[in-house]
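A.B. asks: Supplied structure: input12.txt, compact mmCIF, N, CA, C and O atoms.
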```txt
# COMPACT_ATOMS: atom_id res chain seq x y z
N MET A 26 1.02 -10.87 -5.02
CA MET A 26 0.98 -9.73 -5.92
C MET A 26 2.42 -9.33 -6.27
O MET A 26 3.27 -9.25 -5.41
N THR A 27 2.63 -9.07 -7.53
CA THR A 27 3.94 -8.63 -7.98
C THR A 27 4.02 -7.12 -7.88
O THR A 27 3.16 -6.40 -8.37
N ARG A 28 5.05 -6.65 -7.20
CA ARG A 28 5.32 -5.22 -7.09
C ARG A 28 6.72 -4.98 -7.64
O ARG A 28 7.64 -5.71 -7.33
N THR A 29 6.85 -3.92 -8.42
CA THR A 29 8.16 -3.53 -8.91
C THR A 29 8.42 -2.10 -8.47
O THR A 29 7.59 -1.23 -8.70
N LEU A 30 9.55 -1.90 -7.83
CA LEU A 30 9.94 -0.58 -7.35
C LEU A 30 11.08 -0.08 -8.23
O LEU A 30 12.12 -0.72 -8.31
N TYR A 31 10.85 1.04 -8.91
CA TYR A 31 11.85 1.66 -9.76
C TYR A 31 12.46 2.83 -9.01
O TYR A 31 11.74 3.66 -8.45
N GLY A 32 13.78 2.88 -8.97
CA GLY A 32 14.44 3.96 -8.27
C GLY A 32 15.93 3.95 -8.56
O GLY A 32 16.38 3.42 -9.58
N LEU A 33 16.68 4.56 -7.67
CA LEU A 33 18.14 4.59 -7.76
C LEU A 33 18.71 3.84 -6.56
O LEU A 33 18.19 3.96 -5.46
N LYS A 34 19.78 3.10 -6.79
CA LYS A 34 20.36 2.30 -5.72
C LYS A 34 20.82 3.14 -4.54
O LYS A 34 20.80 2.68 -3.41
N ASN A 35 21.23 4.38 -4.79
CA ASN A 35 21.74 5.23 -3.70
C ASN A 35 20.68 6.19 -3.16
O ASN A 35 20.98 7.07 -2.36
N CYS A 36 19.42 6.01 -3.55
CA CYS A 36 18.33 6.89 -3.11
C CYS A 36 17.83 6.45 -1.74
O CYS A 36 17.36 5.32 -1.57
N ASP A 37 17.93 7.33 -0.75
CA ASP A 37 17.50 7.00 0.60
C ASP A 37 16.01 6.67 0.68
O ASP A 37 15.60 5.78 1.42
N THR A 38 15.20 7.38 -0.07
CA THR A 38 13.76 7.13 -0.06
C THR A 38 13.45 5.74 -0.63
O THR A 38 12.60 5.02 -0.09
N CYS A 39 14.16 5.35 -1.68
CA CYS A 39 13.96 4.02 -2.26
C CYS A 39 14.39 2.93 -1.27
O CYS A 39 13.69 1.91 -1.12
N LYS A 40 15.51 3.14 -0.61
CA LYS A 40 15.98 2.18 0.39
C LYS A 40 14.96 2.05 1.52
O LYS A 40 14.65 0.94 1.98
N LYS A 41 14.42 3.17 1.97
CA LYS A 41 13.43 3.18 3.04
C LYS A 41 12.17 2.42 2.60
O LYS A 41 11.62 1.62 3.36
N ALA A 42 11.71 2.68 1.38
CA ALA A 42 10.52 2.02 0.87
C ALA A 42 10.72 0.51 0.81
O ALA A 42 9.86 -0.26 1.27
N LEU A 43 11.85 0.06 0.29
CA LEU A 43 12.13 -1.38 0.21
C LEU A 43 12.18 -2.01 1.59
O LEU A 43 11.63 -3.09 1.82
N LYS A 44 12.82 -1.32 2.53
CA LYS A 44 12.94 -1.83 3.90
C LYS A 44 11.56 -1.95 4.56
O LYS A 44 11.26 -2.95 5.20
N GLU A 45 10.73 -0.92 4.40
CA GLU A 45 9.40 -0.95 5.00
C GLU A 45 8.51 -2.02 4.36
O GLU A 45 7.76 -2.70 5.06
N LEU A 46 8.60 -2.17 3.05
CA LEU A 46 7.82 -3.21 2.38
C LEU A 46 8.24 -4.59 2.87
O LEU A 46 7.40 -5.44 3.16
N GLU A 47 9.54 -4.79 2.97
CA GLU A 47 10.06 -6.08 3.44
C GLU A 47 9.60 -6.36 4.88
O GLU A 47 9.19 -7.47 5.21
N ALA A 48 9.64 -5.34 5.73
CA ALA A 48 9.21 -5.50 7.13
C ALA A 48 7.74 -5.88 7.22
O ALA A 48 7.33 -6.56 8.18
N GLU A 49 6.95 -5.47 6.25
CA GLU A 49 5.52 -5.80 6.22
C GLU A 49 5.23 -7.10 5.47
O GLU A 49 4.08 -7.46 5.26
N GLY A 50 6.30 -7.76 5.02
CA GLY A 50 6.13 -9.01 4.30
C GLY A 50 5.65 -8.84 2.87
O GLY A 50 5.11 -9.76 2.27
N LYS A 51 5.86 -7.66 2.31
CA LYS A 51 5.45 -7.36 0.94
C LYS A 51 6.68 -7.34 0.05
O LYS A 51 7.53 -6.47 0.18
N ARG A 52 6.78 -8.29 -0.84
CA ARG A 52 7.93 -8.41 -1.71
C ARG A 52 7.85 -7.38 -2.84
O ARG A 52 6.79 -7.15 -3.42
N ALA A 53 8.98 -6.78 -3.15
CA ALA A 53 9.07 -5.85 -4.28
C ALA A 53 10.39 -6.08 -5.00
O ALA A 53 11.44 -6.18 -4.38
N ASP A 54 10.31 -6.18 -6.31
CA ASP A 54 11.51 -6.30 -7.13
C ASP A 54 12.03 -4.89 -7.39
O ASP A 54 11.27 -4.01 -7.77
N PHE A 55 13.35 -4.70 -7.21
CA PHE A 55 13.95 -3.39 -7.43
C PHE A 55 14.55 -3.31 -8.82
O PHE A 55 15.25 -4.23 -9.26
N VAL A 56 14.30 -2.20 -9.52
CA VAL A 56 14.87 -1.95 -10.84
C VAL A 56 15.47 -0.55 -10.82
O VAL A 56 14.78 0.43 -10.52
N ASP A 57 16.77 -0.45 -11.14
CA ASP A 57 17.44 0.85 -11.19
C ASP A 57 17.01 1.58 -12.46
O ASP A 57 17.14 1.04 -13.56
N ILE A 58 16.50 2.81 -12.30
CA ILE A 58 15.97 3.53 -13.46
C ILE A 58 17.05 3.96 -14.45
O ILE A 58 16.75 4.19 -15.61
N ARG A 59 18.29 4.08 -13.99
CA ARG A 59 19.36 4.46 -14.91
C ARG A 59 19.97 3.25 -15.60
O ARG A 59 20.28 3.32 -16.78
N ALA A 60 20.17 2.17 -14.88
CA ALA A 60 20.92 1.04 -15.41
C ALA A 60 20.06 -0.09 -15.97
O ALA A 60 20.50 -0.79 -16.88
N GLU A 61 18.85 -0.27 -15.44
CA GLU A 61 18.11 -1.48 -15.80
C GLU A 61 16.72 -1.24 -16.40
O GLU A 61 16.21 -2.10 -17.10
N ALA A 62 16.12 -0.11 -16.13
CA ALA A 62 14.73 0.11 -16.56
C ALA A 62 14.64 0.35 -18.07
O ALA A 62 15.49 1.01 -18.65
N ASP A 63 13.60 -0.15 -18.67
CA ASP A 63 13.30 0.10 -20.08
C ASP A 63 12.41 1.35 -20.13
O ASP A 63 11.19 1.27 -20.32
N LEU A 64 13.03 2.51 -19.91
CA LEU A 64 12.27 3.76 -19.82
C LEU A 64 11.46 4.09 -21.08
O LEU A 64 10.34 4.59 -20.95
N PRO A 65 11.97 3.81 -22.29
CA PRO A 65 11.14 4.12 -23.47
C PRO A 65 9.79 3.40 -23.45
O PRO A 65 8.80 3.95 -23.94
N SER A 66 9.72 2.22 -22.87
CA SER A 66 8.43 1.53 -22.81
C SER A 66 7.66 1.86 -21.53
O SER A 66 6.43 1.82 -21.52
N LYS A 67 8.34 2.22 -20.46
CA LYS A 67 7.69 2.50 -19.17
C LYS A 67 7.12 3.92 -19.08
O LYS A 67 6.04 4.13 -18.55
N LEU A 68 7.87 4.90 -19.56
CA LEU A 68 7.46 6.31 -19.39
C LEU A 68 6.07 6.64 -19.94
O LEU A 68 5.31 7.33 -19.26
N PRO A 69 5.70 6.16 -21.13
CA PRO A 69 4.35 6.51 -21.60
C PRO A 69 3.26 6.04 -20.63
O PRO A 69 2.30 6.78 -20.36
N ARG A 70 3.41 4.86 -20.07
CA ARG A 70 2.43 4.33 -19.12
C ARG A 70 2.44 5.15 -17.83
O ARG A 70 1.39 5.49 -17.29
N TRP A 71 3.63 5.44 -17.32
CA TRP A 71 3.74 6.21 -16.07
C TRP A 71 3.15 7.61 -16.24
O TRP A 71 2.44 8.09 -15.38
N ILE A 72 3.47 8.25 -17.36
CA ILE A 72 2.96 9.61 -17.61
C ILE A 72 1.45 9.58 -17.74
O ILE A 72 0.76 10.45 -17.22
N ALA A 73 0.92 8.58 -18.43
CA ALA A 73 -0.54 8.46 -18.56
C ALA A 73 -1.20 8.28 -17.20
O ALA A 73 -2.29 8.78 -16.95
N ALA A 74 -0.53 7.56 -16.29
CA ALA A 74 -1.10 7.27 -14.98
C ALA A 74 -1.00 8.44 -14.00
O ALA A 74 -1.93 8.71 -13.25
N VAL A 75 0.15 9.14 -13.99
CA VAL A 75 0.37 10.16 -12.95
C VAL A 75 0.72 11.54 -13.49
O VAL A 75 0.81 12.49 -12.72
N GLY A 76 0.96 11.66 -14.79
CA GLY A 76 1.25 12.96 -15.39
C GLY A 76 2.50 13.62 -14.84
O GLY A 76 3.51 12.97 -14.60
N GLU A 77 2.41 14.93 -14.64
CA GLU A 77 3.57 15.72 -14.21
C GLU A 77 4.02 15.40 -12.79
O GLU A 77 5.08 15.84 -12.37
N LYS A 78 3.22 14.66 -12.05
CA LYS A 78 3.62 14.23 -10.70
C LYS A 78 4.90 13.39 -10.77
O LYS A 78 5.60 13.24 -9.78
N LEU A 79 5.19 12.88 -11.95
CA LEU A 79 6.38 12.05 -12.16
C LEU A 79 7.68 12.85 -12.08
O LEU A 79 8.74 12.30 -11.89
N VAL A 80 7.59 14.17 -12.20
CA VAL A 80 8.79 15.03 -12.21
C VAL A 80 9.15 15.45 -10.79
O VAL A 80 8.32 16.00 -10.06
N ASN A 81 10.39 15.21 -10.41
CA ASN A 81 10.89 15.61 -9.10
C ASN A 81 11.42 17.04 -9.20
O ASN A 81 12.58 17.27 -9.55
N ARG A 82 10.57 17.99 -8.87
CA ARG A 82 10.94 19.40 -9.00
C ARG A 82 11.81 19.90 -7.85
O ARG A 82 12.19 21.06 -7.83
N SER A 83 12.11 19.06 -6.88
CA SER A 83 13.00 19.47 -5.79
C SER A 83 14.40 18.87 -5.94
O SER A 83 15.23 19.03 -5.06
N SER A 84 14.64 18.21 -7.06
CA SER A 84 15.94 17.55 -7.26
C SER A 84 17.03 18.52 -7.71
O SER A 84 16.75 19.59 -8.26
N THR A 85 18.24 18.12 -7.49
CA THR A 85 19.40 18.88 -7.97
C THR A 85 19.38 18.97 -9.49
O THR A 85 19.69 20.01 -10.06
N THR A 86 18.97 17.88 -10.13
CA THR A 86 18.89 17.88 -11.60
C THR A 86 17.91 18.93 -12.08
O THR A 86 18.20 19.67 -13.02
N TRP A 87 16.74 19.03 -11.44
CA TRP A 87 15.73 20.04 -11.82
C TRP A 87 16.29 21.44 -11.69
O TRP A 87 16.14 22.27 -12.57
N ARG A 88 16.95 21.71 -10.56
CA ARG A 88 17.49 23.06 -10.33
C ARG A 88 18.56 23.43 -11.36
O ARG A 88 18.77 24.60 -11.64
N GLY A 89 19.21 22.43 -11.93
CA GLY A 89 20.26 22.68 -12.92
C GLY A 89 19.75 22.84 -14.34
O GLY A 89 20.51 23.20 -15.24
N LEU A 90 18.47 22.61 -14.56
CA LEU A 90 17.91 22.73 -15.91
C LEU A 90 17.71 24.19 -16.30
O LEU A 90 17.47 25.05 -15.46
N SER A 91 17.77 24.44 -17.60
CA SER A 91 17.46 25.78 -18.11
C SER A 91 15.96 26.01 -18.02
O SER A 91 15.17 25.06 -17.89
N ASP A 92 15.55 27.26 -18.11
CA ASP A 92 14.12 27.57 -18.09
C ASP A 92 13.40 26.90 -19.26
O ASP A 92 12.25 26.46 -19.12
N ALA A 93 14.07 26.81 -20.39
CA ALA A 93 13.47 26.16 -21.56
C ALA A 93 13.21 24.67 -21.28
O ALA A 93 12.15 24.15 -21.63
N ASP A 94 14.18 24.01 -20.66
CA ASP A 94 13.99 22.60 -20.33
C ASP A 94 12.91 22.43 -19.28
O ASP A 94 12.12 21.48 -19.34
N LYS A 95 12.85 23.33 -18.31
CA LYS A 95 11.80 23.24 -17.29
C LYS A 95 10.42 23.39 -17.92
O LYS A 95 9.46 22.74 -17.50
N ALA A 96 10.32 24.21 -18.95
CA ALA A 96 9.05 24.38 -19.64
C ALA A 96 8.63 23.10 -20.35
O ALA A 96 7.44 22.86 -20.55
N ARG A 97 9.59 22.26 -20.69
CA ARG A 97 9.30 20.99 -21.35
C ARG A 97 8.69 19.98 -20.38
O ARG A 97 8.23 18.92 -20.78
N ALA A 98 8.69 20.28 -19.09
CA ALA A 98 8.19 19.34 -18.09
C ALA A 98 6.68 19.25 -18.09
O ALA A 98 6.09 18.56 -17.27
N SER A 99 6.04 19.94 -19.00
CA SER A 99 4.60 19.80 -19.15
C SER A 99 4.31 19.57 -20.62
O SER A 99 5.05 20.03 -21.49
N GLY A 100 3.28 18.84 -20.87
CA GLY A 100 2.89 18.62 -22.26
C GLY A 100 3.59 17.45 -22.91
O GLY A 100 4.09 16.54 -22.26
N VAL A 101 3.66 17.51 -24.22
CA VAL A 101 4.10 16.37 -25.02
C VAL A 101 5.60 16.09 -24.93
O VAL A 101 6.04 15.01 -25.30
N THR A 102 6.38 17.02 -24.46
CA THR A 102 7.83 16.81 -24.42
C THR A 102 8.31 16.26 -23.07
O THR A 102 9.50 16.06 -22.88
N LEU A 103 7.40 15.99 -22.16
CA LEU A 103 7.77 15.46 -20.85
C LEU A 103 8.53 14.15 -20.97
O LEU A 103 9.55 13.95 -20.32
N GLU A 104 8.07 13.26 -21.83
CA GLU A 104 8.73 11.97 -21.99
C GLU A 104 10.18 12.14 -22.44
O GLU A 104 11.09 11.51 -21.89
N GLY A 105 10.43 13.00 -23.40
CA GLY A 105 11.79 13.24 -23.88
C GLY A 105 12.69 13.82 -22.80
O GLY A 105 13.85 13.44 -22.68
N LEU A 106 12.14 14.72 -22.00
CA LEU A 106 12.91 15.32 -20.91
C LEU A 106 13.31 14.25 -19.89
O LEU A 106 14.47 14.20 -19.46
N LEU A 107 12.39 13.36 -19.55
CA LEU A 107 12.69 12.32 -18.56
C LEU A 107 13.61 11.24 -19.13
O LEU A 107 14.44 10.69 -18.40
N LEU A 108 13.49 10.95 -20.41
CA LEU A 108 14.42 10.00 -21.04
C LEU A 108 15.84 10.53 -21.00
O LEU A 108 16.78 9.79 -20.76
N GLY A 109 15.99 11.82 -21.23
CA GLY A 109 17.31 12.43 -21.23
C GLY A 109 17.86 12.68 -19.84
O GLY A 109 19.07 12.86 -19.66
N ASN A 110 16.98 12.72 -18.84
CA ASN A 110 17.38 13.01 -17.46
C ASN A 110 16.62 12.09 -16.51
O ASN A 110 15.71 12.52 -15.79
N PRO A 111 16.96 10.80 -16.47
CA PRO A 111 16.19 9.86 -15.64
C PRO A 111 16.18 10.22 -14.15
O PRO A 111 15.26 9.83 -13.43
N THR A 112 17.17 10.98 -13.69
CA THR A 112 17.18 11.35 -12.27
C THR A 112 16.11 12.40 -11.95
O THR A 112 15.89 12.71 -10.78
N LEU A 113 15.43 12.92 -12.97
CA LEU A 113 14.30 13.83 -12.74
C LEU A 113 13.03 13.08 -12.33
O LEU A 113 12.07 13.67 -11.89
N ILE A 114 13.04 11.76 -12.49
CA ILE A 114 11.87 10.97 -12.15
C ILE A 114 11.75 10.89 -10.63
O ILE A 114 12.69 10.51 -9.94
N LYS A 115 10.59 11.29 -10.13
CA LYS A 115 10.34 11.24 -8.69
C LYS A 115 10.35 9.78 -8.26
O LYS A 115 9.75 8.93 -8.90
N ARG A 116 11.03 9.52 -7.16
CA ARG A 116 11.21 8.15 -6.73
C ARG A 116 10.61 7.90 -5.35
O ARG A 116 10.52 8.82 -4.56
N PRO A 117 10.27 6.64 -5.15
CA PRO A 117 10.24 5.54 -6.11
C PRO A 117 8.99 5.58 -6.97
O PRO A 117 8.00 6.20 -6.62
N VAL A 118 9.07 4.90 -8.10
CA VAL A 118 7.90 4.61 -8.92
C VAL A 118 7.59 3.15 -8.63
O VAL A 118 8.47 2.30 -8.77
N ILE A 119 6.37 2.87 -8.22
CA ILE A 119 6.01 1.51 -7.85
C ILE A 119 4.86 1.05 -8.73
O ILE A 119 3.83 1.72 -8.81
N GLU A 120 5.08 -0.07 -9.40
CA GLU A 120 4.03 -0.69 -10.20
C GLU A 120 3.45 -1.84 -9.39
O GLU A 120 4.18 -2.70 -8.92
N THR A 121 2.14 -1.82 -9.21
CA THR A 121 1.44 -2.91 -8.51
C THR A 121 0.32 -3.37 -9.42
O THR A 121 -0.78 -2.84 -9.37
N GLY A 122 0.63 -4.30 -10.27
CA GLY A 122 -0.38 -4.73 -11.24
C GLY A 122 -0.67 -3.61 -12.22
O GLY A 122 0.21 -3.16 -12.93
N ASP A 123 -1.92 -3.12 -12.20
CA ASP A 123 -2.32 -2.08 -13.14
C ASP A 123 -2.06 -0.67 -12.62
O ASP A 123 -2.22 0.29 -13.35
N GLU A 124 -1.68 -0.53 -11.36
CA GLU A 124 -1.54 0.78 -10.75
C GLU A 124 -0.08 1.25 -10.75
O GLU A 124 0.84 0.46 -10.60
N VAL A 125 0.09 2.56 -10.94
CA VAL A 125 1.41 3.19 -10.87
C VAL A 125 1.36 4.21 -9.73
O VAL A 125 0.52 5.11 -9.73
N LEU A 126 2.28 4.06 -8.77
CA LEU A 126 2.35 4.96 -7.62
C LEU A 126 3.70 5.67 -7.65
O LEU A 126 4.71 5.08 -8.02
N VAL A 127 3.71 6.94 -7.24
CA VAL A 127 4.95 7.72 -7.28
C VAL A 127 5.19 8.34 -5.90
O VAL A 127 4.29 8.92 -5.30
N GLY A 128 6.44 8.21 -5.44
CA GLY A 128 6.81 8.77 -4.15
C GLY A 128 6.52 7.79 -3.03
O GLY A 128 5.84 6.78 -3.22
N TRP A 129 7.05 8.07 -1.85
CA TRP A 129 6.83 7.20 -0.69
C TRP A 129 6.10 8.01 0.37
O TRP A 129 6.67 8.49 1.33
N SER A 130 4.82 8.18 0.17
CA SER A 130 3.97 8.96 1.05
C SER A 130 2.99 8.04 1.78
O SER A 130 2.88 6.86 1.47
N ALA A 131 2.26 8.60 2.72
CA ALA A 131 1.23 7.84 3.43
C ALA A 131 0.20 7.32 2.44
O ALA A 131 -0.29 6.18 2.57
N GLU A 132 -0.14 8.12 1.44
CA GLU A 132 -1.10 7.68 0.42
C GLU A 132 -0.58 6.48 -0.34
O GLU A 132 -1.29 5.50 -0.55
N THR A 133 0.68 6.54 -0.76
CA THR A 133 1.28 5.42 -1.49
C THR A 133 1.28 4.17 -0.62
O THR A 133 0.88 3.09 -1.07
N LYS A 134 1.69 4.31 0.62
CA LYS A 134 1.75 3.16 1.53
C LYS A 134 0.38 2.53 1.70
O LYS A 134 0.24 1.30 1.74
N SER A 135 -0.67 3.34 1.78
CA SER A 135 -2.02 2.81 1.99
C SER A 135 -2.56 2.11 0.74
O SER A 135 -3.44 1.27 0.84
N ARG A 136 -2.04 2.46 -0.43
CA ARG A 136 -2.55 1.89 -1.67
C ARG A 136 -1.81 0.64 -2.12
O ARG A 136 -2.25 -0.04 -3.04
N ILE A 137 -0.68 0.34 -1.50
CA ILE A 137 0.07 -0.85 -1.87
C ILE A 137 -0.61 -2.06 -1.25
O ILE A 137 -0.77 -2.14 -0.04
N GLY A 138 -1.00 -2.99 -2.11
CA GLY A 138 -1.71 -4.18 -1.63
C GLY A 138 -0.80 -5.20 -1.02
O GLY A 138 0.36 -5.15 -1.01
```
Translate the structure of the given file into structure tokens.

C.D. replies:
Amino acid sequence: MTRTLYGLKNCDTCKKALKELEAEGKRADFVDIRAEADLPSKLPRWIAAVGEKLVNRSSTTWRGLSDADKARASGVTLEGLLLGNPTLIKRPVIETGDEVLVGWSAETKSRIG
């Protein structure tokens, strides 16, 4: 099974996820969301799959946004907000075939094939 993990190279959670997947013999290709990901084509699919769960509301980037920008984190302008601020994307985003998983939680770990 092909798995792609989208994240940031310096993200501790992404590093942990890759390490744990490797330890379990599950290969995952890493794609940096700032430098390598084709966000204009990925975001519509991710948003359709997980919605606002894609927004990392505990990030430094989120805390630095204006109230107006925070209001954009719901509805039709979510994609534009994430395109302009890729570090707002909750990490990691993992694609496993047709499924999109966000974050490195017990639920995510149980759903990775």

A.B. asks: When you count all atoms listed in the file, which of these residues is closest to A:Val56: A:Gly128, A:Pro69, A:Gly109, A:Gly32?

C.D. replies: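 So, comparing all the options, the nearest one is A:Gly32.
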
A.B. asks: For atom N of A:Glu49 and atom N of A:Lys115, determine how far apart the two atoms are, in Å to one decimal place.

C.D. replies: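 Going from atom N of A:Glu49 over to atom N of A:Lys115 covers 23.7 Å.
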
A.B. asks: Of the candidates A:Ser91, A:Trp129, A:Ser99, A:Gly138, which shows the shortest atom-to-atom distance to A:Asp37, using only C-alpha atoms?

C.D. replies: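 Comparing A:Ser91, A:Trp129, A:Ser99, A:Gly138 against A:Asp37, the winner is A:Trp129.
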
A.B. asks: Could you pull out the residues in chain A that DSSP calls strand (DSSP E or B) from the backbone, as a PyMOL selection string?

C.D. replies: chain A and resi 28-32+54-57+80+114+118-121+124-127

A.B. asks: Within 12 Å of stretch 38-44 of chain A, counting only C-alpha atoms, which residues show up once you throw out same-chain ones fewer than 2 positions away? Write them as a PyMOL selection string, please.

C.D. replies: chain A and resi 28-36+46-58+115-119+127-131+133-134+137

A.B. asks: Find, counting all atoms listed in the file, the residue in A:Ala96, A:Val125, A:Leu79, A:Ala62 that gets nearest to A:Asn110.

C.D. replies: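 Ranking A:Ala96, A:Val125, A:Leu79, A:Ala62 by distance to A:Asn110, first place goes to A:Leu79.
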
A.B. asks: What separation in Å, quoted to one decimal, exists between atom O of A:Gly89 and atom O of A:Ala73?

C.D. replies: 27.0 Å

A.B. asks: Between atom N of A:Arg97 and atom CA of A:Arg59, what is the distance, to one decimal in Å?

C.D. replies: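 Going from atom N of A:Arg97 over to atom CA of A:Arg59, I get 21.1 Å.
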
A.B. asks: Check the smallest atom-to-atom distance from each of A:Glu132, A:Glu120, A:Glu77, A:Asp94 to A:Thr27 using all atoms listed in the file, then report the winner.

C.D. replies: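 With all atoms listed in the file as the atom set, the closest residue is A:Glu120.
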
A.B. asks: Extract the full set of alpha helix (DSSP H) residues from chain A according to DSSP on the backbone, and format it as a PyMOL selection string.

C.D. replies: chain A and resi 37-48+64-75+85-88+92-96+103-109+131-136

A.B. asks: Identify which of the residues A:Asp63, A:Asp92, A:Asp123, A:Glu45 lies closest to A:Leu108, counting only C-alpha atoms when measuring atom-to-atom distances.

C.D. replies: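 Between A:Asp63, A:Asp92, A:Asp123, A:Glu45, the residue approaching A:Leu108 most closely is A:Asp63.
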
A.B. asks: For each of A:Val80, A:Leu126, A:Met26, A:Leu107, take the minimum atom-to-atom distance to A:Leu64, counting all atoms listed in the file, then give the residue where this is smallest.

C.D. replies: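 Answer, going by the shortest atom-to-atom distance: A:Leu107.
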
A.B. asks: Could I see stretch 93-100 of chain A restored to all heavy atoms, set down as a compact mmCIF listing (two decimals), keeping the file's coordinate frame?

C.D. replies:
```txt
# COMPACT_ATOMS: atom_id res chain seq x y z
N ALA A 93 14.07 26.81 -20.39
CA ALA A 93 13.47 26.16 -21.56
C ALA A 93 13.21 24.67 -21.28
O ALA A 93 12.15 24.15 -21.63
CB ALA A 93 14.36 26.33 -22.78
N ASP A 94 14.18 24.01 -20.66
CA ASP A 94 13.99 22.60 -20.33
C ASP A 94 12.91 22.43 -19.28
O ASP A 94 12.12 21.48 -19.34
CB ASP A 94 15.30 21.97 -19.84
CG ASP A 94 16.24 21.63 -20.99
OD1 ASP A 94 15.78 21.53 -22.14
OD2 ASP A 94 17.45 21.48 -20.73
N LYS A 95 12.85 23.33 -18.31
CA LYS A 95 11.80 23.24 -17.29
C LYS A 95 10.42 23.39 -17.92
O LYS A 95 9.46 22.74 -17.50
CB LYS A 95 12.01 24.30 -16.20
CG LYS A 95 13.17 23.98 -15.30
CD LYS A 95 13.37 25.05 -14.25
CE LYS A 95 14.58 24.73 -13.39
NZ LYS A 95 14.84 25.78 -12.40
N ALA A 96 10.32 24.21 -18.95
CA ALA A 96 9.05 24.38 -19.64
C ALA A 96 8.63 23.10 -20.35
O ALA A 96 7.44 22.86 -20.55
CB ALA A 96 9.15 25.53 -20.64
N ARG A 97 9.59 22.26 -20.69
CA ARG A 97 9.30 20.99 -21.35
C ARG A 97 8.69 19.98 -20.38
O ARG A 97 8.23 18.92 -20.78
CB ARG A 97 10.57 20.40 -21.95
CG ARG A 97 11.13 21.19 -23.10
CD ARG A 97 12.48 20.68 -23.56
NE ARG A 97 12.47 19.25 -23.86
CZ ARG A 97 13.55 18.48 -23.83
NH1 ARG A 97 14.72 18.98 -23.48
NH2 ARG A 97 13.47 17.20 -24.12
N ALA A 98 8.69 20.28 -19.09
CA ALA A 98 8.19 19.34 -18.09
C ALA A 98 6.68 19.25 -18.09
O ALA A 98 6.09 18.56 -17.27
CB ALA A 98 8.70 19.72 -16.70
N SER A 99 6.04 19.94 -19.00
CA SER A 99 4.60 19.80 -19.15
C SER A 99 4.31 19.57 -20.62
O SER A 99 5.05 20.03 -21.49
CB SER A 99 3.87 21.04 -18.64
OG SER A 99 4.26 22.16 -19.37
N GLY A 100 3.28 18.84 -20.87
CA GLY A 100 2.89 18.62 -22.26
C GLY A 100 3.59 17.45 -22.91
O GLY A 100 4.09 16.54 -22.26
```
